[in-house]
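Text of the file start.tsv, holding TSV, C-alpha atoms and all ligand atoms:
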```
chain	number	residue	atom	x	y	z
A	24	MET	CA	-9.33	9.69	-10.31
A	25	SER	CA	-11.86	10.76	-7.73
A	26	LEU	CA	-13.83	13.95	-8.13
A	27	LEU	CA	-11.97	15.47	-5.16
A	28	GLY	CA	-8.70	14.52	-6.81
A	29	LYS	CA	-9.76	16.31	-9.98
A	30	LEU	CA	-10.84	19.39	-8.06
A	31	PHE	CA	-7.85	19.69	-5.75
A	32	GLY	CA	-5.21	17.67	-7.50
A	33	ALA	CA	-4.26	20.26	-10.13
A	34	GLY	CA	-0.64	19.71	-11.10
A	35	ASP	CA	-0.59	16.48	-9.14
A	36	SER	CA	-1.64	13.27	-10.85
A	37	LYS	CA	-2.01	11.49	-7.53
A	38	PRO	CA	-5.58	11.09	-6.34
A	39	ALA	CA	-6.86	12.56	-3.11
A	40	TYR	CA	-7.81	9.65	-0.91
A	41	PRO	CA	-11.49	8.94	-0.34
A	42	ALA	CA	-12.71	10.53	2.85
A	43	SER	CA	-13.42	8.25	5.76
A	44	ALA	CA	-15.85	8.76	8.59
A	45	ALA	CA	-13.33	7.04	10.84
A	46	ALA	CA	-12.76	8.91	14.07
A	47	ARG	CA	-9.35	7.37	14.60
A	48	THR	CA	-7.06	5.96	11.94
A	49	LEU	CA	-3.75	4.21	12.46
A	50	LEU	CA	-1.54	4.80	9.42
A	51	LEU	CA	1.21	2.18	9.20
A	52	GLY	CA	4.52	3.05	7.57
A	53	GLY	CA	3.47	6.64	6.99
A	54	ALA	CA	6.91	8.26	6.79
A	55	GLY	CA	6.52	8.59	3.06
A	56	GLU	CA	4.37	11.00	1.15
A	57	ASP	CA	1.11	9.37	2.20
A	58	ALA	CA	0.76	10.95	5.62
A	59	GLU	CA	-0.45	14.34	4.43
A	60	ARG	CA	-2.98	12.91	2.01
A	61	VAL	CA	-4.35	10.53	4.61
A	62	ARG	CA	-4.58	13.35	7.15
A	63	ALA	CA	-6.43	15.52	4.64
A	64	ALA	CA	-9.12	12.86	4.24
A	65	ARG	CA	-9.39	11.68	7.82
A	66	ARG	CA	-9.56	12.82	11.43
A	67	GLY	CA	-7.45	11.64	14.34
A	68	VAL	CA	-4.66	10.01	12.34
A	69	VAL	CA	-1.78	8.36	14.19
A	70	VAL	CA	1.18	7.98	11.82
A	71	ALA	CA	3.50	5.13	12.79
A	72	ASP	CA	6.77	4.23	11.14
A	73	VAL	CA	10.12	2.68	12.02
A	74	ARG	CA	11.92	5.63	10.44
A	75	ARG	CA	11.58	9.33	10.98
A	76	GLY	CA	9.69	11.34	8.41
A	77	PRO	CA	7.33	14.27	8.01
A	78	GLY	CA	4.19	13.64	9.96
A	79	VAL	CA	5.39	10.58	11.88
A	80	THR	CA	3.83	10.71	15.35
A	81	LEU	CA	4.94	7.30	16.57
A	82	LEU	CA	8.44	5.96	15.94
A	83	ALA	CA	8.18	2.20	16.39
A	84	ASP	CA	9.18	-1.17	14.99
A	85	LEU	CA	5.67	-2.35	14.14
A	86	SER	CA	6.79	-5.94	13.64
A	87	ARG	CA	7.23	-6.08	17.44
A	88	GLY	CA	3.60	-5.33	18.27
A	89	PHE	CA	1.57	-2.14	18.48
A	90	PRO	CA	1.69	0.04	21.61
A	91	PHE	CA	-2.10	0.52	21.67
A	92	GLY	CA	-4.96	-0.98	23.59
A	93	ASP	CA	-7.55	-3.35	22.14
A	94	GLY	CA	-10.11	-1.68	19.87
A	95	ALA	CA	-8.34	1.68	19.93
A	96	PHE	CA	-8.92	2.48	16.23
A	97	GLU	CA	-11.73	2.67	13.72
A	98	GLU	CA	-9.39	2.04	10.83
A	99	VAL	CA	-5.91	0.68	10.11
A	100	PHE	CA	-4.60	2.02	6.83
A	101	SER	CA	-1.39	1.46	4.89
A	102	LEU	CA	-0.02	1.82	1.39
A	103	GLU	CA	3.24	0.23	0.29
A	104	PHE	CA	3.84	-1.11	3.77
A	105	ILE	CA	2.97	-4.78	4.26
A	106	GLU	CA	5.37	-5.95	1.54
A	107	HIS	CA	8.18	-4.59	3.76
A	108	ILE	CA	7.21	-6.84	6.67
A	109	PRO	CA	9.23	-10.06	6.54
A	110	HIS	CA	7.19	-13.09	5.56
A	111	PRO	CA	7.43	-14.93	8.91
A	112	GLU	CA	6.33	-11.81	10.82
A	113	LEU	CA	3.31	-10.84	8.72
A	114	PRO	CA	0.73	-13.12	10.43
A	115	ALA	CA	1.56	-11.63	13.86
A	116	MET	CA	1.47	-8.09	12.45
A	117	LEU	CA	-2.00	-8.71	10.98
A	118	ARG	CA	-3.20	-10.09	14.32
A	119	GLU	CA	-2.01	-6.85	15.92
A	120	CYS	CA	-4.00	-4.89	13.31
A	121	ALA	CA	-7.10	-6.90	14.25
A	122	ARG	CA	-6.48	-6.42	17.96
A	123	VAL	CA	-6.25	-2.61	17.85
A	124	LEU	CA	-9.37	-2.30	15.67
A	125	ARG	CA	-12.78	-2.04	17.27
A	126	PRO	CA	-15.23	-4.78	16.19
A	127	GLY	CA	-16.49	-3.77	12.75
A	128	GLY	CA	-13.44	-1.56	12.20
A	129	ARG	CA	-11.93	-1.32	8.75
A	130	TRP	CA	-8.56	-2.53	7.46
A	131	VAL	CA	-7.38	-0.97	4.17
A	132	SER	CA	-4.07	-1.72	2.54
A	133	GLY	CA	-2.40	-1.35	-0.84
A	134	CYS	CA	0.69	-3.18	-2.04
A	135	PRO	CA	2.22	-4.50	-5.28
A	136	ASP	CA	0.02	-7.22	-6.80
A	137	ALA	CA	2.30	-10.22	-7.43
A	138	GLU	CA	-0.34	-11.84	-9.60
A	139	MET	CA	-0.57	-8.84	-11.90
A	140	LEU	CA	3.19	-8.33	-11.98
A	141	SER	CA	3.68	-11.98	-12.91
A	142	ALA	CA	1.14	-11.63	-15.70
A	143	TRP	CA	3.01	-8.56	-16.96
A	144	PHE	CA	6.44	-10.20	-16.96
A	145	GLY	CA	6.31	-10.72	-20.70
A	146	LEU	CA	4.78	-7.31	-21.34
A	147	GLN	CA	7.82	-5.23	-20.46
A	148	CYS	CA	9.45	-2.79	-22.86
A	149	GLU	CA	11.99	0.03	-22.57
A	150	CYS	CA	9.62	2.30	-24.51
A	151	VAL	CA	7.17	2.50	-21.59
A	152	LYS	CA	7.27	5.94	-20.01
A	153	LYS	CA	4.78	7.00	-17.37
A	154	TRP	CA	3.13	3.58	-17.76
A	155	LYS	CA	2.32	4.13	-21.42
A	156	ALA	CA	4.03	2.32	-24.29
A	157	ASP	CA	5.04	4.13	-27.45
A	158	PRO	CA	2.60	3.02	-30.21
A	159	ALA	CA	5.46	3.41	-32.73
A	160	CYS	CA	7.81	1.10	-30.80
A	161	PRO	CA	9.27	-1.48	-33.24
A	162	ARG	CA	9.69	-4.01	-30.42
A	163	CYS	CA	6.28	-4.07	-28.75
A	164	GLY	CA	4.12	-1.99	-31.09
A	165	GLY	CA	2.67	-0.15	-28.10
A	166	LYS	CA	1.47	-3.35	-26.39
A	167	ALA	CA	3.85	-3.24	-23.41
A	168	ARG	CA	2.30	-2.55	-20.00
A	169	ILE	CA	5.36	-1.78	-17.92
A	170	SER	CA	9.05	-0.87	-18.17
A	171	PRO	CA	11.63	-3.48	-17.04
A	172	GLY	CA	12.98	-1.09	-14.39
A	173	ARG	CA	9.54	-0.42	-12.95
A	174	TRP	CA	8.68	-4.11	-13.02
A	175	LEU	CA	11.77	-5.03	-11.01
A	176	LYS	CA	11.26	-2.15	-8.57
A	177	SER	CA	7.63	-3.13	-8.04
A	178	VAL	CA	8.62	-6.71	-7.22
A	179	CYS	CA	11.81	-6.08	-5.22
A	180	GLY	CA	11.45	-2.56	-3.83
A	181	ASN	CA	13.81	0.40	-4.14
A	182	GLN	CA	16.81	-1.47	-2.70
A	183	GLU	CA	17.72	1.66	-0.72
A	184	ASP	CA	19.56	1.19	2.55
A	185	TYR	CA	18.35	3.44	5.39
A	186	GLY	CA	21.39	2.60	7.46
A	187	ASP	CA	19.92	-0.44	9.11
A	188	ARG	CA	20.08	-3.56	6.98
A	189	ARG	CA	16.90	-4.94	8.45
A	190	TRP	CA	14.86	-1.94	7.32
A	191	ALA	CA	16.41	-1.32	3.93
A	192	ASP	CA	13.71	-0.40	1.42
A	193	THR	CA	13.46	-3.84	-0.12
A	194	HIS	CA	10.38	-6.01	-0.33
A	195	LYS	CA	10.39	-8.90	2.11
A	196	ASN	CA	7.04	-10.33	1.16
A	197	VAL	CA	5.12	-11.27	-1.98
A	198	LEU	CA	1.38	-10.81	-1.91
A	199	TRP	CA	-1.61	-11.54	-4.07
A	200	PHE	CA	-5.30	-11.46	-3.27
A	201	GLY	CA	-5.83	-15.14	-2.40
A	202	ARG	CA	-2.83	-15.23	-0.11
A	203	LEU	CA	-3.60	-11.97	1.66
A	204	LYS	CA	-7.25	-12.99	2.09
A	205	ALA	CA	-6.21	-16.25	3.77
A	206	LEU	CA	-3.75	-14.42	6.06
A	207	LEU	CA	-6.38	-11.83	7.02
A	208	GLU	CA	-8.99	-14.46	7.79
A	209	GLU	CA	-6.50	-16.34	9.95
A	210	ALA	CA	-5.82	-13.08	11.79
A	211	GLY	CA	-9.52	-12.64	12.61
A	212	PHE	CA	-10.80	-10.48	9.74
A	213	SER	CA	-13.90	-11.09	7.68
A	214	ASP	CA	-15.54	-9.59	4.60
A	215	VAL	CA	-12.15	-9.50	2.83
A	216	ARG	CA	-12.51	-7.93	-0.61
A	217	ARG	CA	-10.65	-6.09	-3.32
A	218	GLY	CA	-10.98	-2.33	-3.11
A	219	ASP	CA	-10.50	0.31	-5.79
A	220	ALA	CA	-6.74	0.80	-6.21
A	221	GLY	CA	-7.49	3.75	-8.51
A	222	ALA	CA	-8.78	5.70	-5.51
A	223	TYR	CA	-5.33	5.56	-3.90
A	224	TYR	CA	-2.79	5.23	-6.70
A	225	GLU	CA	-2.17	7.34	-9.77
A	226	GLU	CA	-3.35	6.23	-13.17
A	227	GLY	CA	-1.27	3.46	-14.68
A	228	LYS	CA	0.30	2.58	-11.36
A	229	ALA	CA	-3.05	1.49	-9.94
A	230	ASP	CA	-3.24	-1.44	-12.38
A	231	MET	CA	-0.30	-3.18	-10.71
A	232	LYS	CA	-1.52	-2.61	-7.16
A	233	LEU	CA	-3.51	-4.85	-4.87
A	234	LEU	CA	-5.93	-2.86	-2.73
A	235	VAL	CA	-7.62	-4.96	-0.07
A	236	GLU	CA	-10.28	-4.05	2.48
A	237	ALA	CA	-11.45	-6.15	5.39
A	238	ARG	CA	-13.60	-5.87	8.51
A	239	ARG	CA	-12.59	-6.71	12.03
B	1	ZN	ZN	7.94	-0.97	-26.79
```
So, in terms of structure tokens, how does the structure I just supplied come out?
Ligand SMILES: [Zn+2]
Amino acid sequence: MSLLGKLFGAGDSKPAYPASAAARTLLLGGAGEDAERVRAARRGVVVADVRRGPGVTLLADLSRGFPFGDGAFEEVFSLEFIEHIPHPELPAMLRECARVLRPGGRWVSGCPDAEMLSAWFGLQCECVKKWKADPACPRCGGKARISPGRWLKSVCGNQEDYGDRRWADTHKNVLWFGRLKALLEEAGFSDVRRGDAGAYYEEGKADMKLLVEARR
């Protein structure tokens, strides 16, 4: 957890996001709880989502292109968003991200890490609560990393239906670093690297997340 998270996150295990010098940030899929935390760490945040939610300033289907000019943003940021974009539409969405970023602008995104979740398939146990196994568990002896329910949810999404089948809260994409790096480079990004998932996700959860940063 970041120092700011420790100072201001009392009673909340979720970290405060690292501050960004970005003058304008486009937050994709921000209808969830992220909007307020992103706003607290950044200036000039535009929150875009296909569904209404607290803090949403632009209601739009982002798979159909972004209603912004070229180079309009310093940063495009999203958590738990790109895995909801259908596989065939992700390359075009990433090209839109590149287009609305100024040269040198920053792309930051977190999503479930398929590589890690695959590695953890055999490390599931019902005793895992809050991402910690019970050391006295007769089945796993405390060695499990994840609960079966959480594993499935991380891979497949919440399976909630928002009233439009297309945008039900299921995952429509599977991502791991090598694949996302290739997609980003095809879309015009460079300097693609893993970021610190622990700066954006709570302890335990961060281990199963892929946090990727890239430059336009
Ligand atoms: Zn166990």
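Minimum distance to Leu140 in chain A across A:Val197, A:Val70, A:Leu81, A:Val178 (counting all atoms listed in the file) occurs at A:Val178.
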* Asked: How far is it from CA of Gly227 in chain A to CA of Trp154 in chain A, in Å with one decimal?
  -> 5.4 Å
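Counting only C-alpha atoms and all ligand atoms, the residue from A:Lys155, A:Arg173, A:Arg238, A:Arg216 that sits nearest to ligand ZN 1 (chain B) is A:Lys155.
Atom pair CA of Asp184 in chain A / CA of Arg87 in chain A has a distance of 20.7 Å (rounded to one decimal).
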* **Long-range neighbours of range 98-110 of chain A as a ChimeraX atom specification, 7 Å cut-off, all atoms listed in the file, 4 positions minimum in chain** => /A:45,47-52,120,124,128-134,193-197
Reconstruct range 115-144 of chain A at the level of N, CA and C atoms, and format the result as a tab-separated table (two decimals), in the frame of the given file.
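Below you can see part_38.tsv, which holds the result:
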```tsv
chain	number	residue	atom	x	y	z
A	115	ALA	N	1.65	-12.28	12.54
A	115	ALA	CA	1.56	-11.63	13.86
A	115	ALA	C	1.21	-10.16	13.71
A	116	MET	N	1.76	-9.52	12.68
A	116	MET	CA	1.47	-8.09	12.45
A	116	MET	C	-0.02	-7.91	12.13
A	117	LEU	N	-0.58	-8.82	11.32
A	117	LEU	CA	-2.00	-8.71	10.98
A	117	LEU	C	-2.88	-8.97	12.20
A	118	ARG	N	-2.44	-9.86	13.08
A	118	ARG	CA	-3.20	-10.09	14.32
A	118	ARG	C	-3.19	-8.84	15.18
A	119	GLU	N	-2.07	-8.11	15.18
A	119	GLU	CA	-2.01	-6.85	15.92
A	119	GLU	C	-2.97	-5.82	15.31
A	120	CYS	N	-3.05	-5.79	13.99
A	120	CYS	CA	-4.00	-4.89	13.31
A	120	CYS	C	-5.42	-5.20	13.78
A	121	ALA	N	-5.75	-6.49	13.83
A	121	ALA	CA	-7.10	-6.90	14.25
A	121	ALA	C	-7.34	-6.52	15.71
A	122	ARG	N	-6.33	-6.70	16.53
A	122	ARG	CA	-6.48	-6.42	17.96
A	122	ARG	C	-6.78	-4.95	18.24
A	123	VAL	N	-6.08	-4.04	17.53
A	123	VAL	CA	-6.25	-2.61	17.85
A	123	VAL	C	-7.47	-2.00	17.15
A	124	LEU	N	-8.14	-2.79	16.30
A	124	LEU	CA	-9.37	-2.30	15.67
A	124	LEU	C	-10.57	-2.62	16.54
A	125	ARG	N	-11.53	-1.72	16.58
A	125	ARG	CA	-12.78	-2.04	17.27
A	125	ARG	C	-13.54	-3.05	16.40
A	126	PRO	N	-14.43	-3.85	17.00
A	126	PRO	CA	-15.23	-4.78	16.19
A	126	PRO	C	-15.95	-4.00	15.09
A	127	GLY	N	-15.88	-4.48	13.88
A	127	GLY	CA	-16.49	-3.77	12.75
A	127	GLY	C	-15.56	-2.76	12.11
A	128	GLY	N	-14.41	-2.52	12.74
A	128	GLY	CA	-13.44	-1.56	12.20
A	128	GLY	C	-12.88	-2.03	10.86
A	129	ARG	N	-12.28	-1.08	10.14
A	129	ARG	CA	-11.93	-1.32	8.75
A	129	ARG	C	-10.42	-1.39	8.57
A	130	TRP	N	-9.97	-2.38	7.83
A	130	TRP	CA	-8.56	-2.53	7.46
A	130	TRP	C	-8.45	-2.25	5.97
A	131	VAL	N	-7.58	-1.32	5.59
A	131	VAL	CA	-7.38	-0.97	4.17
A	131	VAL	C	-5.90	-0.97	3.89
A	132	SER	N	-5.49	-1.68	2.84
A	132	SER	CA	-4.07	-1.72	2.54
A	132	SER	C	-3.83	-1.91	1.05
A	133	GLY	N	-2.81	-1.21	0.56
A	133	GLY	CA	-2.40	-1.35	-0.84
A	133	GLY	C	-0.95	-1.79	-0.93
A	134	CYS	N	-0.67	-2.69	-1.85
A	134	CYS	CA	0.69	-3.18	-2.04
A	134	CYS	C	0.83	-3.67	-3.49
A	135	PRO	N	2.06	-3.96	-3.93
A	135	PRO	CA	2.22	-4.50	-5.28
A	135	PRO	C	1.45	-5.83	-5.42
A	136	ASP	N	0.80	-6.02	-6.54
A	136	ASP	CA	0.02	-7.22	-6.80
A	136	ASP	C	0.90	-8.23	-7.55
A	137	ALA	N	1.38	-9.24	-6.83
A	137	ALA	CA	2.30	-10.22	-7.43
A	137	ALA	C	1.67	-10.95	-8.61
A	138	GLU	N	0.36	-11.15	-8.52
A	138	GLU	CA	-0.34	-11.84	-9.60
A	138	GLU	C	-0.29	-11.02	-10.88
A	139	MET	N	-0.59	-9.73	-10.74
A	139	MET	CA	-0.57	-8.84	-11.90
A	139	MET	C	0.84	-8.68	-12.44
A	140	LEU	N	1.80	-8.51	-11.53
A	140	LEU	CA	3.19	-8.33	-11.98
A	140	LEU	C	3.71	-9.58	-12.68
A	141	SER	N	3.28	-10.74	-12.23
A	141	SER	CA	3.68	-11.98	-12.91
A	141	SER	C	3.08	-12.01	-14.32
A	142	ALA	N	1.81	-11.62	-14.40
A	142	ALA	CA	1.14	-11.63	-15.70
A	142	ALA	C	1.80	-10.65	-16.67
A	143	TRP	N	2.41	-9.61	-16.13
A	143	TRP	CA	3.01	-8.56	-16.96
A	143	TRP	C	4.48	-8.82	-17.27
A	144	PHE	N	5.01	-9.95	-16.77
A	144	PHE	CA	6.44	-10.20	-16.96
A	144	PHE	C	6.83	-10.12	-18.43
```
